[in-house]
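J.: Okay, here's the structure, questions in a sec.
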Amino acid sequence: MEKNCYNTCMLKPVSPKVDFPALERELLKKWYDQGIVQKYLHRNDSSKKKFSFLDGPITANNPMGVHHAWGRTYKDLWQRFYTMQGYKERFQNGFDCQGLWVEVEVEKELGVKNKKDIENLVAGDKKASIAKFVELCKQRVHKFSAIQTEQTKRLGNFMDWEHSYYTMSDENNYMIWHFLKVCYEKGWIYKGRDSVPWCPRCETAISQHEMLTEDYKELTHETVFVKLPLVSSNFENTSLLIWTTTPWTVPANVAVGVNTKFTYGIWENEQTKERIIFIDKDKNNQTPKRHHKGKELDVHEYLFHTVESTWKKIKDIPGKELVGLPYTAPFDHLPLVQKAKAEHPKTFHTVVDGSEIVMAEEGTGLLHVAPGAGKEDFDLGKKEHLSIISPIKDDASYVEGMDEYSGKNAKKHPELIIDYLKSHENGKFLLKTLQYTHRYPACWRCKTELVWRVTDEWYISLREQMMEVAKKIDWHPGFGLDRELDWLENMHDWLISKKNRYWGLALPIYECKKCGDFQVIGSKEELQKKAVAGWEEFAGHTPHKPFIDEVKIPCAKCGEIVSRVDDVGNVWLDAGIVPFSTLVDPKTGKVSYTSDKTYWKEWFPIDFITESFPGQFKNWFYSLIAMSTVLEQTNPFKTILGFATMVDENGEPFHKSKGNAIEFIEGADKAGADVIRWFCVRSNPEHNIDFGYHTADQVRRQFHLMLWNIYNFFLLNASIDNWKPDSPTDKAIPKRSARITNKEIAAPVTQLARKDVKEVNVLDTWVLSRLNETIKTVTENLKKYKADVACQAIESFVSDLSLWYVRRSRDRVGVEVENGPDKEAFYQTMYEVLVTLSKLLAPFMPFIADEIYTNLTDEESVHLVDWALVNEKIKNKNEKLIKEMEFVRKITELGNAERKRLQIKVRQPLAKFQISNIQFQISNDLEQLIKNELNVKEVVFKKGKEELRVEFDTNITEELRSEGEVRDLIRKIQEERKKLGTRLDEKVHVVLEAWPEQFTEEIKRKALIQSLEKGTKFTVTRL
Ligand SMILES: [Zn+2]
Ligand SMILES: [Zn+2]
């Protein structure tokens, strides 16, 4: 029910000591209890204009931290901005559900350590165990998606919470099947054997896409310099010197790489006559340098400075002469090594040409080649037909065939190898060990150090024009495109499989063990059609392990009954498919993309997405682009706004483990959601922002409190003066349910912008012009996704409002000022300004904006009204006034500074103020402002072209002195009134020792004095 109380309701005064979080909690209750959120979501249902926004799914795995507020505020901001302009939207919130991150947390909760434990959750029943584990993962997602929903509501976001999407849904999983099937039909899916980064704790491969720079850690490892004796009559008693930071890989050595452009030195031990070979000159014939403890050493000084014996170079040898030489190694006795030797006896333990990868900058210039334990090694191995020794299992324990090492963990116990090298034959194979600090990658999820392993994984080899598609997107900030293109240019094929995991997309790949052929299934229906067993066991379950794996189909080639591969899918498939899977046609209830596409076409491509930049170029942005390019050969979204990271006040990223994390509700209840929102979006998104209660409070004091004080000043005076807004026929205040029409757009910002008001007070005309200018700047910049520029415009307007408009209007209102057109004009102007400003603020600060708007208008909510519009007519006319006012403020600043220098307080009126070298005429209105601000009787202007100069006439006449005295007295009385806590309209009794009698009436009027008496002691008393 619309409650219209114009002319009848008083404006409600507010507390100057506002508690924003308490206000926010009250408003939240109101918004949900009174159905305002629902009205907002559906206010544009019948609109033809659409704004298609896609929420990047948040991982529903933990409560949100305060740092999540940045992106969530942007998301809400632009949805609100377009809603207020009449655009229809979907308001769909998204949750990312599947994958390792959830598994790791559930493992922690259960206290399980590895795969074996998971598969034994239900003792002795692997299938039931996996079913239980998967169920627990689902439950965790439900629990935290509910928590995150409440947290996001607290931030003030309005979304269609009942229709959020979940990437674990059947729709999402089957849509990925569809995508994979398309790739399969184009021949892009293949099984590849490669050396991949591997997490020994998660027992799964980490794709190149998942290896982010932030997951590299500065670590110190004990590294080894290993001697490999050459087997050649020309090189008696001579060894190749190799170096490795991963001693556990030494048993996997099959070759030594040499750079044929380098010159190597043969060095002899003066005591034992033993010789070793390592780099002497790089390809530019320079001796490579090494940094050590702040010193720059030649490579041989560096190598020998911690070695007791003396070594002397006896000879140089070109790298190419080393190629082909055979050598022996410390683990030749192991059966696994013997087996590898038998596979490729010709190349085994020989020097090979590794010029492309052997660098002079690190190590000895001779590369330890272990194709089973390193990517570059693996590639070189393929080229040089080297054997592969794969020394470790999924959990990084040594495999069978390694004698006493088998079963022991290689990564956890590098000392197994180091101790052997130190002791075997008196350390014959070891020159020395060295503590070495370097950047080493860790698992993005569990932070365990990675290893490299050779495994069979599934890949997509995308050959579509992803770079062309990326270029169609409008990237904010612009460097985003370069970053994405750089990634697209350098990435390898997309590794989409995860071995040994449970909670994820069931990769729909069915590989025949008999003939090696494989099929990819593109839908649930296709699977059912092909199923020859297990459908009943699966039916009624989500397409997850273990039930999906009951279904068997025949091999298309040989008819053998085949199972799904055991792997689950890469999580970025889950998030990349959402532009296709989340658009469910409300008319049919079906996923539009795989049914008739009508609804999908209305919303695709997405207009806008916004996410934090770090990490996403390789992940979400990539998967969105890749999947859309495959399915539709076009960009999935038109505009992206990326932003940096919110860090704490010390510049450190928020982390639970660091103890600096701030849970979201706690942050909002302490700092205020509106303060957090403004804090985030006022910043340049390219740079990290440092959030803390201290920095947030600065913003609150500088902006939110300034605004609140203006609002409070208006309400306080309006209620004392019993002022009420005009009738609502005023077009400035659109009725809440009214849809904006073109006719109404033509309505001025305010009726006060009309001529009659300009005659009343130039301040009103100016502030309305500034308001109009602000609407324009904010609107234009939000359209360009530049929230920070929009915020600056609002901050500057609020500052002008406070420091100039209100400051210069203080003596226009209150009980001591008689009612009249000027007072009325002030109230109407202020009212107009605050109502309009609340609309501009609504997308940024939904709470305070709604408080101001509803209190002033008595309407339901600012979130149900239209965006403020620029009045083009007054815009042009008043640009001149805005410039002039800037000039006036500059002059008064100079004047105030000059008074300070002269040490004459502002309350003392002066006769004359002269401005020299002024370049244009100033109107009488503006001249009056200067007089009032500087408290002078006359302003004299002198034209000229030199620097602007100001000067006071400092001669204080008796008359002026009395006037100044009166001002002092009034101020003194007012201070006393404040101490007594009198109301603004409360009259008092005053005793003064003396006062200039000719000003009696003025003193009484301005200080609201009922009776003024002469006495020996100054007193103010309440009546
Ligand atoms: Zn891990
Ligand atoms: Zn087959």
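Chain labels run A, B, ... following the order of the structure tokens; each chain numbers its residues from 1, and ligands are numbered from 1 in the order shown.
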Got a sec to tell me which of region 755-918 of chain A DSSP assigns to helix (DSSP H, G or I), as an NGL selection string?
T.: :A and (755-760 or 762-783 or 787-812 or 821-841 or 846-857 or 862-864 or 872-902)
J.: What's around region 997-1009 of chain A at 8 Å? Count only C-alpha atoms, leave out sequence neighbours fewer than 3 positions away in its own chain, and write the answer as a PDB file with N, CA, C and O atoms, in the first residue's frame.
T.:
```
ATOM      1  N   GLU A 816      16.355  31.395  13.759  1.00  0.00           N
ATOM      2  CA  GLU A 816      16.749  32.802  13.818  1.00  0.00           C
ATOM      3  C   GLU A 816      16.592  33.483  12.460  1.00  0.00           C
ATOM      4  O   GLU A 816      16.678  34.700  12.366  1.00  0.00           O
ATOM      5  N   VAL A 966      30.230  41.719  18.711  1.00  0.00           N
ATOM      6  CA  VAL A 966      28.918  41.059  18.725  1.00  0.00           C
ATOM      7  C   VAL A 966      29.039  39.612  18.255  1.00  0.00           C
ATOM      8  O   VAL A 966      28.512  38.692  18.870  1.00  0.00           O
ATOM      9  N   LEU A 969      30.439  37.538  20.930  1.00  0.00           N
ATOM     10  CA  LEU A 969      29.473  37.282  21.998  1.00  0.00           C
ATOM     11  C   LEU A 969      28.487  36.186  21.602  1.00  0.00           C
ATOM     12  O   LEU A 969      28.206  35.279  22.377  1.00  0.00           O
ATOM     13  N   ILE A 970      27.995  36.293  20.381  1.00  0.00           N
ATOM     14  CA  ILE A 970      27.023  35.301  19.911  1.00  0.00           C
ATOM     15  C   ILE A 970      27.646  33.910  19.935  1.00  0.00           C
ATOM     16  O   ILE A 970      27.055  32.944  20.389  1.00  0.00           O
ATOM     17  N   ILE A 973      27.867  32.643  23.484  1.00  0.00           N
ATOM     18  CA  ILE A 973      26.558  32.181  23.986  1.00  0.00           C
ATOM     19  C   ILE A 973      26.204  30.829  23.368  1.00  0.00           C
ATOM     20  O   ILE A 973      25.753  29.915  24.041  1.00  0.00           O
ATOM     21  N   GLN A 974      26.484  30.718  22.066  1.00  0.00           N
ATOM     22  CA  GLN A 974      26.145  29.455  21.395  1.00  0.00           C
ATOM     23  C   GLN A 974      26.937  28.280  21.940  1.00  0.00           C
ATOM     24  O   GLN A 974      26.409  27.169  22.065  1.00  0.00           O
ATOM     25  N   ASP A 985      15.938  25.164  18.727  1.00  0.00           N
ATOM     26  CA  ASP A 985      14.882  26.175  18.732  1.00  0.00           C
ATOM     27  C   ASP A 985      14.486  26.581  20.161  1.00  0.00           C
ATOM     28  O   ASP A 985      13.470  27.215  20.361  1.00  0.00           O
ATOM     29  N   GLU A 986      15.321  26.233  21.117  1.00  0.00           N
ATOM     30  CA  GLU A 986      14.994  26.526  22.508  1.00  0.00           C
ATOM     31  C   GLU A 986      15.555  27.892  22.913  1.00  0.00           C
ATOM     32  O   GLU A 986      16.731  28.173  22.704  1.00  0.00           O
ATOM     33  N   LYS A 987      14.677  28.736  23.511  1.00  0.00           N
ATOM     34  CA  LYS A 987      15.146  30.068  23.914  1.00  0.00           C
ATOM     35  C   LYS A 987      15.760  30.016  25.316  1.00  0.00           C
ATOM     36  O   LYS A 987      15.450  29.118  26.099  1.00  0.00           O
ATOM     37  N   VAL A 988      16.668  30.955  25.572  1.00  0.00           N
ATOM     38  CA  VAL A 988      17.386  30.942  26.848  1.00  0.00           C
ATOM     39  C   VAL A 988      17.408  32.342  27.488  1.00  0.00           C
ATOM     40  O   VAL A 988      17.087  33.351  26.845  1.00  0.00           O
ATOM     41  N   HIS A 989      17.840  32.350  28.723  1.00  0.00           N
ATOM     42  CA  HIS A 989      18.043  33.624  29.437  1.00  0.00           C
ATOM     43  C   HIS A 989      19.550  33.847  29.551  1.00  0.00           C
ATOM     44  O   HIS A 989      20.291  32.941  29.909  1.00  0.00           O
ATOM     45  N   VAL A 990      19.976  35.105  29.228  1.00  0.00           N
ATOM     46  CA  VAL A 990      21.415  35.357  29.194  1.00  0.00           C
ATOM     47  C   VAL A 990      21.766  36.593  30.027  1.00  0.00           C
ATOM     48  O   VAL A 990      21.060  37.609  29.987  1.00  0.00           O
ATOM     49  N   LEU A1012      17.617  39.254  27.853  1.00  0.00           N
ATOM     50  CA  LEU A1012      19.038  39.580  27.942  1.00  0.00           C
ATOM     51  C   LEU A1012      19.209  40.621  29.049  1.00  0.00           C
ATOM     52  O   LEU A1012      18.533  41.642  29.060  1.00  0.00           O
TER      53      LEU A1012
END
```
J.: Using only C-alpha atoms and all ligand atoms, which residues of the polymer chains come no farther than 9 Å from ligand 1? I'd like the answer as a PDB file with N, CA, C and O atoms, in the first residue's frame.
T.:
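For reference, out_12.pdb as written:
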```pdb
ATOM      1  N   LEU A 100      39.082 -30.813  -6.257  1.00  0.00           N
ATOM      2  CA  LEU A 100      40.055 -31.096  -5.224  1.00  0.00           C
ATOM      3  C   LEU A 100      39.886 -30.226  -3.978  1.00  0.00           C
ATOM      4  O   LEU A 100      40.098 -30.677  -2.857  1.00  0.00           O
ATOM      5  N   VAL A 104      39.807 -31.923  -0.393  1.00  0.00           N
ATOM      6  CA  VAL A 104      40.862 -31.737   0.606  1.00  0.00           C
ATOM      7  C   VAL A 104      40.263 -31.339   1.952  1.00  0.00           C
ATOM      8  O   VAL A 104      40.668 -31.835   2.999  1.00  0.00           O
ATOM      9  N   TRP A 198      52.932 -33.134 -10.529  1.00  0.00           N
ATOM     10  CA  TRP A 198      52.113 -34.111  -9.805  1.00  0.00           C
ATOM     11  C   TRP A 198      52.171 -33.804  -8.326  1.00  0.00           C
ATOM     12  O   TRP A 198      53.255 -33.550  -7.783  1.00  0.00           O
ATOM     13  N   CYS A 199      51.003 -33.846  -7.676  1.00  0.00           N
ATOM     14  CA  CYS A 199      50.996 -33.664  -6.215  1.00  0.00           C
ATOM     15  C   CYS A 199      51.001 -35.029  -5.548  1.00  0.00           C
ATOM     16  O   CYS A 199      50.057 -35.798  -5.722  1.00  0.00           O
ATOM     17  N   PRO A 200      52.031 -35.351  -4.770  1.00  0.00           N
ATOM     18  CA  PRO A 200      52.096 -36.670  -4.132  1.00  0.00           C
ATOM     19  C   PRO A 200      51.055 -36.848  -3.026  1.00  0.00           C
ATOM     20  O   PRO A 200      50.695 -37.965  -2.719  1.00  0.00           O
ATOM     21  N   ARG A 201      50.554 -35.751  -2.467  1.00  0.00           N
ATOM     22  CA  ARG A 201      49.543 -35.908  -1.423  1.00  0.00           C
ATOM     23  C   ARG A 201      48.169 -36.141  -2.046  1.00  0.00           C
ATOM     24  O   ARG A 201      47.450 -37.053  -1.687  1.00  0.00           O
ATOM     25  N   CYS A 202      47.836 -35.300  -3.042  1.00  0.00           N
ATOM     26  CA  CYS A 202      46.547 -35.471  -3.719  1.00  0.00           C
ATOM     27  C   CYS A 202      46.597 -36.625  -4.718  1.00  0.00           C
ATOM     28  O   CYS A 202      45.562 -37.052  -5.236  1.00  0.00           O
ATOM     29  N   GLU A 203      47.807 -37.098  -5.007  1.00  0.00           N
ATOM     30  CA  GLU A 203      48.032 -38.224  -5.924  1.00  0.00           C
ATOM     31  C   GLU A 203      47.406 -37.971  -7.289  1.00  0.00           C
ATOM     32  O   GLU A 203      46.731 -38.832  -7.867  1.00  0.00           O
ATOM     33  N   THR A 204      47.579 -36.763  -7.772  1.00  0.00           N
ATOM     34  CA  THR A 204      46.981 -36.461  -9.063  1.00  0.00           C
ATOM     35  C   THR A 204      47.825 -35.426  -9.809  1.00  0.00           C
ATOM     36  O   THR A 204      48.643 -34.733  -9.196  1.00  0.00           O
ATOM     37  N   ILE A 206      48.721 -32.045 -11.782  1.00  0.00           N
ATOM     38  CA  ILE A 206      48.355 -30.634 -11.709  1.00  0.00           C
ATOM     39  C   ILE A 206      48.637 -30.094 -13.112  1.00  0.00           C
ATOM     40  O   ILE A 206      49.757 -30.165 -13.590  1.00  0.00           O
ATOM     41  N   ALA A 442      54.383 -25.615  -5.650  1.00  0.00           N
ATOM     42  CA  ALA A 442      53.637 -26.447  -4.708  1.00  0.00           C
ATOM     43  C   ALA A 442      52.219 -26.631  -5.237  1.00  0.00           C
ATOM     44  O   ALA A 442      51.767 -25.889  -6.095  1.00  0.00           O
ATOM     45  N   CYS A 443      51.543 -27.617  -4.716  1.00  0.00           N
ATOM     46  CA  CYS A 443      50.159 -27.901  -5.110  1.00  0.00           C
ATOM     47  C   CYS A 443      49.291 -26.700  -4.736  1.00  0.00           C
ATOM     48  O   CYS A 443      49.349 -26.213  -3.607  1.00  0.00           O
ATOM     49  N   TRP A 444      48.477 -26.209  -5.667  1.00  0.00           N
ATOM     50  CA  TRP A 444      47.658 -25.023  -5.412  1.00  0.00           C
ATOM     51  C   TRP A 444      46.641 -25.302  -4.326  1.00  0.00           C
ATOM     52  O   TRP A 444      46.136 -24.400  -3.687  1.00  0.00           O
ATOM     53  N   ARG A 445      46.328 -26.552  -4.092  1.00  0.00           N
ATOM     54  CA  ARG A 445      45.289 -26.849  -3.118  1.00  0.00           C
ATOM     55  C   ARG A 445      45.847 -27.194  -1.737  1.00  0.00           C
ATOM     56  O   ARG A 445      45.442 -26.658  -0.739  1.00  0.00           O
ATOM     57  N   CYS A 446      46.849 -28.111  -1.699  1.00  0.00           N
ATOM     58  CA  CYS A 446      47.290 -28.574  -0.381  1.00  0.00           C
ATOM     59  C   CYS A 446      48.694 -28.103  -0.048  1.00  0.00           C
ATOM     60  O   CYS A 446      49.193 -28.378   1.041  1.00  0.00           O
ATOM     61  N   LYS A 447      49.319 -27.379  -0.960  1.00  0.00           N
ATOM     62  CA  LYS A 447      50.630 -26.759  -0.740  1.00  0.00           C
ATOM     63  C   LYS A 447      51.793 -27.753  -0.624  1.00  0.00           C
ATOM     64  O   LYS A 447      52.888 -27.388  -0.209  1.00  0.00           O
ATOM     65  N   THR A 448      51.551 -29.005  -0.964  1.00  0.00           N
ATOM     66  CA  THR A 448      52.632 -29.987  -0.981  1.00  0.00           C
ATOM     67  C   THR A 448      53.536 -29.702  -2.186  1.00  0.00           C
ATOM     68  O   THR A 448      53.053 -29.352  -3.269  1.00  0.00           O
ATOM     69  N   GLU A 449      54.857 -29.884  -2.000  1.00  0.00           N
ATOM     70  CA  GLU A 449      55.783 -29.671  -3.124  1.00  0.00           C
ATOM     71  C   GLU A 449      55.475 -30.681  -4.237  1.00  0.00           C
ATOM     72  O   GLU A 449      55.258 -31.853  -3.974  1.00  0.00           O
ATOM     73  N   LEU A 450      55.516 -30.183  -5.456  1.00  0.00           N
ATOM     74  CA  LEU A 450      55.184 -31.043  -6.589  1.00  0.00           C
ATOM     75  C   LEU A 450      56.399 -31.843  -7.045  1.00  0.00           C
ATOM     76  O   LEU A 450      57.541 -31.469  -6.781  1.00  0.00           O
TER      77      LEU A 450
END
```
J.: So how many Å separate CA of Tyr74 (chain A) and CA of Leu707 (chain A), to one decimal?
T.: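 Going from CA of Tyr74 (chain A) over to CA of Leu707 (chain A), I get 21.8 Å.
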J.: Would you kindly return, as a list in words, each protein, DNA or RNA residue with an atom no farther than 9 Å from any atom of Gly324 (chain A), considering only C-alpha atoms and excluding same-chain residues fewer than 2 positions away?
T.: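 So the residues in contact are Glu321, Leu322, Pro326, Thr347, Thr350, Val351, Val352 and Asp353 of chain A.
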J.: List as a Markdown table every residue of chain A that is in contact with ligand 2, defined as an atom at most 12 Å from one of its atoms (using only C-alpha atoms and all ligand atoms), together with the nearest atom pair and the distance in Å rounded to one decimal, sorted by chain and then rising number.
T.:
```
| residue | atom | partner | partner_atom_place_in_ligand_line | distance |
| --- | --- | --- | --- | --- |
| A:Tyr510 | CA | ligand 2 | 1 (Zn) | 9.9 |
| A:Glu511 | CA | ligand 2 | 1 (Zn) | 7.7 |
| A:Cys512 | CA | ligand 2 | 1 (Zn) | 4.5 |
| A:Lys513 | CA | ligand 2 | 1 (Zn) | 6.7 |
| A:Lys514 | CA | ligand 2 | 1 (Zn) | 5.2 |
| A:Cys515 | CA | ligand 2 | 1 (Zn) | 4.0 |
| A:Gly516 | CA | ligand 2 | 1 (Zn) | 5.9 |
| A:Asp517 | CA | ligand 2 | 1 (Zn) | 5.4 |
| A:Phe518 | CA | ligand 2 | 1 (Zn) | 7.6 |
| A:Gln519 | CA | ligand 2 | 1 (Zn) | 9.9 |
| A:Ile553 | CA | ligand 2 | 1 (Zn) | 10.7 |
| A:Pro554 | CA | ligand 2 | 1 (Zn) | 7.9 |
| A:Cys555 | CA | ligand 2 | 1 (Zn) | 4.7 |
| A:Ala556 | CA | ligand 2 | 1 (Zn) | 6.6 |
| A:Lys557 | CA | ligand 2 | 1 (Zn) | 5.1 |
| A:Cys558 | CA | ligand 2 | 1 (Zn) | 4.1 |
| A:Gly559 | CA | ligand 2 | 1 (Zn) | 5.9 |
| A:Glu560 | CA | ligand 2 | 1 (Zn) | 5.4 |
| A:Ile561 | CA | ligand 2 | 1 (Zn) | 8.0 |
| A:Val562 | CA | ligand 2 | 1 (Zn) | 7.9 |
| A:Ser563 | CA | ligand 2 | 1 (Zn) | 11.2 |
```
J.: Take the residues just selected and output them with all heavy atoms as a compact mmCIF listing (two decimals), in the first residue's frame.
T.:
```txt
# COMPACT_ATOMS: atom_id res chain seq x y z
N TYR A 510 35.18 -43.62 -22.66
CA TYR A 510 35.08 -45.07 -22.51
C TYR A 510 36.16 -45.70 -23.39
O TYR A 510 36.06 -45.69 -24.61
CB TYR A 510 33.67 -45.56 -22.89
CG TYR A 510 32.65 -45.13 -21.85
CD1 TYR A 510 32.19 -43.81 -21.81
CD2 TYR A 510 32.19 -46.02 -20.88
CE1 TYR A 510 31.29 -43.40 -20.83
CE2 TYR A 510 31.29 -45.62 -19.90
CZ TYR A 510 30.85 -44.30 -19.87
OH TYR A 510 29.97 -43.90 -18.90
N GLU A 511 37.18 -46.21 -22.74
CA GLU A 511 38.35 -46.70 -23.48
C GLU A 511 38.37 -48.22 -23.45
O GLU A 511 38.24 -48.84 -22.38
CB GLU A 511 39.62 -46.15 -22.82
CG GLU A 511 40.88 -46.42 -23.63
CD GLU A 511 42.13 -46.02 -22.85
OE1 GLU A 511 42.08 -45.97 -21.61
OE2 GLU A 511 43.15 -45.77 -23.51
N CYS A 512 38.59 -48.80 -24.62
CA CYS A 512 38.62 -50.26 -24.73
C CYS A 512 40.01 -50.78 -24.39
O CYS A 512 40.99 -50.39 -25.00
CB CYS A 512 38.22 -50.68 -26.14
SG CYS A 512 38.31 -52.46 -26.39
N LYS A 513 40.06 -51.64 -23.39
CA LYS A 513 41.35 -52.19 -22.98
C LYS A 513 41.87 -53.19 -24.01
O LYS A 513 43.06 -53.47 -24.07
CB LYS A 513 41.21 -52.88 -21.62
CG LYS A 513 40.94 -51.87 -20.50
CD LYS A 513 41.88 -52.09 -19.33
CE LYS A 513 41.89 -50.91 -18.38
NZ LYS A 513 40.64 -50.76 -17.62
N LYS A 514 40.95 -53.73 -24.81
CA LYS A 514 41.35 -54.77 -25.75
C LYS A 514 41.95 -54.18 -27.03
O LYS A 514 43.06 -54.51 -27.41
CB LYS A 514 40.13 -55.65 -26.08
CG LYS A 514 40.48 -56.96 -26.75
CD LYS A 514 39.22 -57.81 -26.87
CE LYS A 514 39.38 -58.87 -27.92
NZ LYS A 514 38.06 -59.36 -28.36
N CYS A 515 41.20 -53.26 -27.67
CA CYS A 515 41.69 -52.75 -28.96
C CYS A 515 42.24 -51.31 -28.87
O CYS A 515 42.78 -50.80 -29.83
CB CYS A 515 40.60 -52.82 -30.02
SG CYS A 515 39.33 -51.57 -29.84
N GLY A 516 42.05 -50.67 -27.72
CA GLY A 516 42.63 -49.33 -27.54
C GLY A 516 41.76 -48.21 -28.05
O GLY A 516 42.07 -47.04 -27.85
N ASP A 517 40.65 -48.55 -28.70
CA ASP A 517 39.76 -47.49 -29.21
C ASP A 517 39.02 -46.84 -28.04
O ASP A 517 38.83 -47.45 -27.01
CB ASP A 517 38.75 -48.11 -30.19
CG ASP A 517 38.01 -47.04 -30.96
OD1 ASP A 517 38.66 -46.08 -31.41
OD2 ASP A 517 36.77 -47.15 -31.10
N PHE A 518 38.63 -45.57 -28.22
CA PHE A 518 37.81 -44.96 -27.16
C PHE A 518 36.68 -44.14 -27.75
O PHE A 518 36.75 -43.68 -28.88
CB PHE A 518 38.69 -44.12 -26.21
CG PHE A 518 39.17 -42.82 -26.79
CD1 PHE A 518 38.42 -41.65 -26.62
CD2 PHE A 518 40.38 -42.75 -27.49
CE1 PHE A 518 38.88 -40.44 -27.14
CE2 PHE A 518 40.83 -41.55 -28.01
CZ PHE A 518 40.08 -40.39 -27.84
N GLN A 519 35.62 -44.00 -26.95
CA GLN A 519 34.48 -43.18 -27.33
C GLN A 519 34.24 -42.13 -26.27
O GLN A 519 34.54 -42.35 -25.10
CB GLN A 519 33.19 -44.02 -27.37
CG GLN A 519 33.21 -45.22 -28.26
CD GLN A 519 31.94 -46.04 -28.03
OE1 GLN A 519 30.82 -45.58 -28.28
NE2 GLN A 519 32.11 -47.26 -27.55
N ILE A 553 29.36 -49.97 -21.63
CA ILE A 553 28.90 -49.91 -23.02
C ILE A 553 29.81 -50.78 -23.89
O ILE A 553 30.94 -51.07 -23.48
CB ILE A 553 28.87 -48.45 -23.55
CG1 ILE A 553 30.29 -47.86 -23.60
CG2 ILE A 553 27.95 -47.57 -22.71
CD1 ILE A 553 30.36 -46.53 -24.34
N PRO A 554 29.37 -51.17 -25.07
CA PRO A 554 30.26 -51.97 -25.92
C PRO A 554 31.25 -51.08 -26.67
O PRO A 554 30.93 -49.96 -27.03
CB PRO A 554 29.29 -52.65 -26.89
CG PRO A 554 28.06 -51.82 -26.89
CD PRO A 554 28.03 -51.00 -25.64
N CYS A 555 32.43 -51.61 -26.91
CA CYS A 555 33.42 -50.90 -27.72
C CYS A 555 32.88 -50.78 -29.14
O CYS A 555 32.38 -51.75 -29.70
CB CYS A 555 34.74 -51.67 -27.72
SG CYS A 555 35.94 -51.03 -28.91
N ALA A 556 32.96 -49.58 -29.72
CA ALA A 556 32.40 -49.36 -31.05
C ALA A 556 33.17 -50.14 -32.10
O ALA A 556 32.66 -50.48 -33.17
CB ALA A 556 32.41 -47.87 -31.37
N LYS A 557 34.42 -50.47 -31.80
CA LYS A 557 35.26 -51.12 -32.80
C LYS A 557 35.23 -52.63 -32.68
O LYS A 557 35.01 -53.33 -33.66
CB LYS A 557 36.70 -50.63 -32.63
CG LYS A 557 37.44 -50.47 -33.94
CD LYS A 557 38.75 -49.75 -33.68
CE LYS A 557 39.56 -49.53 -34.93
NZ LYS A 557 40.81 -48.84 -34.60
N CYS A 558 35.44 -53.12 -31.45
CA CYS A 558 35.57 -54.58 -31.32
C CYS A 558 34.46 -55.22 -30.50
O CYS A 558 34.40 -56.43 -30.38
CB CYS A 558 36.94 -54.95 -30.74
SG CYS A 558 37.07 -54.64 -28.96
N GLY A 559 33.56 -54.42 -29.93
CA GLY A 559 32.42 -55.00 -29.22
C GLY A 559 32.70 -55.41 -27.79
O GLY A 559 31.78 -55.77 -27.06
N GLU A 560 33.92 -55.32 -27.37
CA GLU A 560 34.27 -55.62 -25.98
C GLU A 560 33.47 -54.70 -25.03
O GLU A 560 33.21 -53.54 -25.36
CB GLU A 560 35.79 -55.36 -25.80
CG GLU A 560 36.33 -55.63 -24.43
CD GLU A 560 36.64 -57.11 -24.19
OE1 GLU A 560 36.45 -57.92 -25.12
OE2 GLU A 560 37.07 -57.44 -23.07
N ILE A 561 33.08 -55.22 -23.87
CA ILE A 561 32.36 -54.39 -22.91
C ILE A 561 33.36 -53.47 -22.20
O ILE A 561 34.36 -53.94 -21.66
CB ILE A 561 31.63 -55.26 -21.87
CG1 ILE A 561 30.66 -56.21 -22.56
CG2 ILE A 561 30.91 -54.40 -20.83
CD1 ILE A 561 29.60 -55.54 -23.40
N VAL A 562 33.10 -52.17 -22.26
CA VAL A 562 34.08 -51.24 -21.68
C VAL A 562 33.46 -50.37 -20.58
O VAL A 562 32.26 -50.12 -20.56
CB VAL A 562 34.73 -50.32 -22.75
CG1 VAL A 562 35.61 -51.12 -23.69
CG2 VAL A 562 33.69 -49.53 -23.52
N SER A 563 34.34 -49.93 -19.70
CA SER A 563 33.95 -49.06 -18.58
C SER A 563 34.43 -47.65 -18.86
O SER A 563 35.31 -47.43 -19.69
CB SER A 563 34.64 -49.52 -17.29
OG SER A 563 34.29 -50.85 -17.02
```
J.: In Å, with one decimal, what is the gap from CA of Ser838 (chain A) to CA of Thr857 (chain A)?
T.: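 Computing the Euclidean distance for CA of Ser838 (chain A) and CA of Thr857 (chain A) yields 10.9 Å.
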J.: Applying 10 Å and only C-alpha atoms, which residues near Leu840 (chain A) remain after dropping the ones on its own chain fewer than 2 positions away? List them as a list in words.
T.: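 Once the nearby chain positions are removed, what remains is Phe81, Met84, Thr774, Ile775, Val778, Thr779, Ala790, Cys791, Ile794, Leu834, Val835, Thr836, Leu837, Ser838, Ala842, Pro843, Phe844, Met845, Pro846, Ala849, Val862, Asp866, Trp867, Ala868 and Leu869 of chain A.
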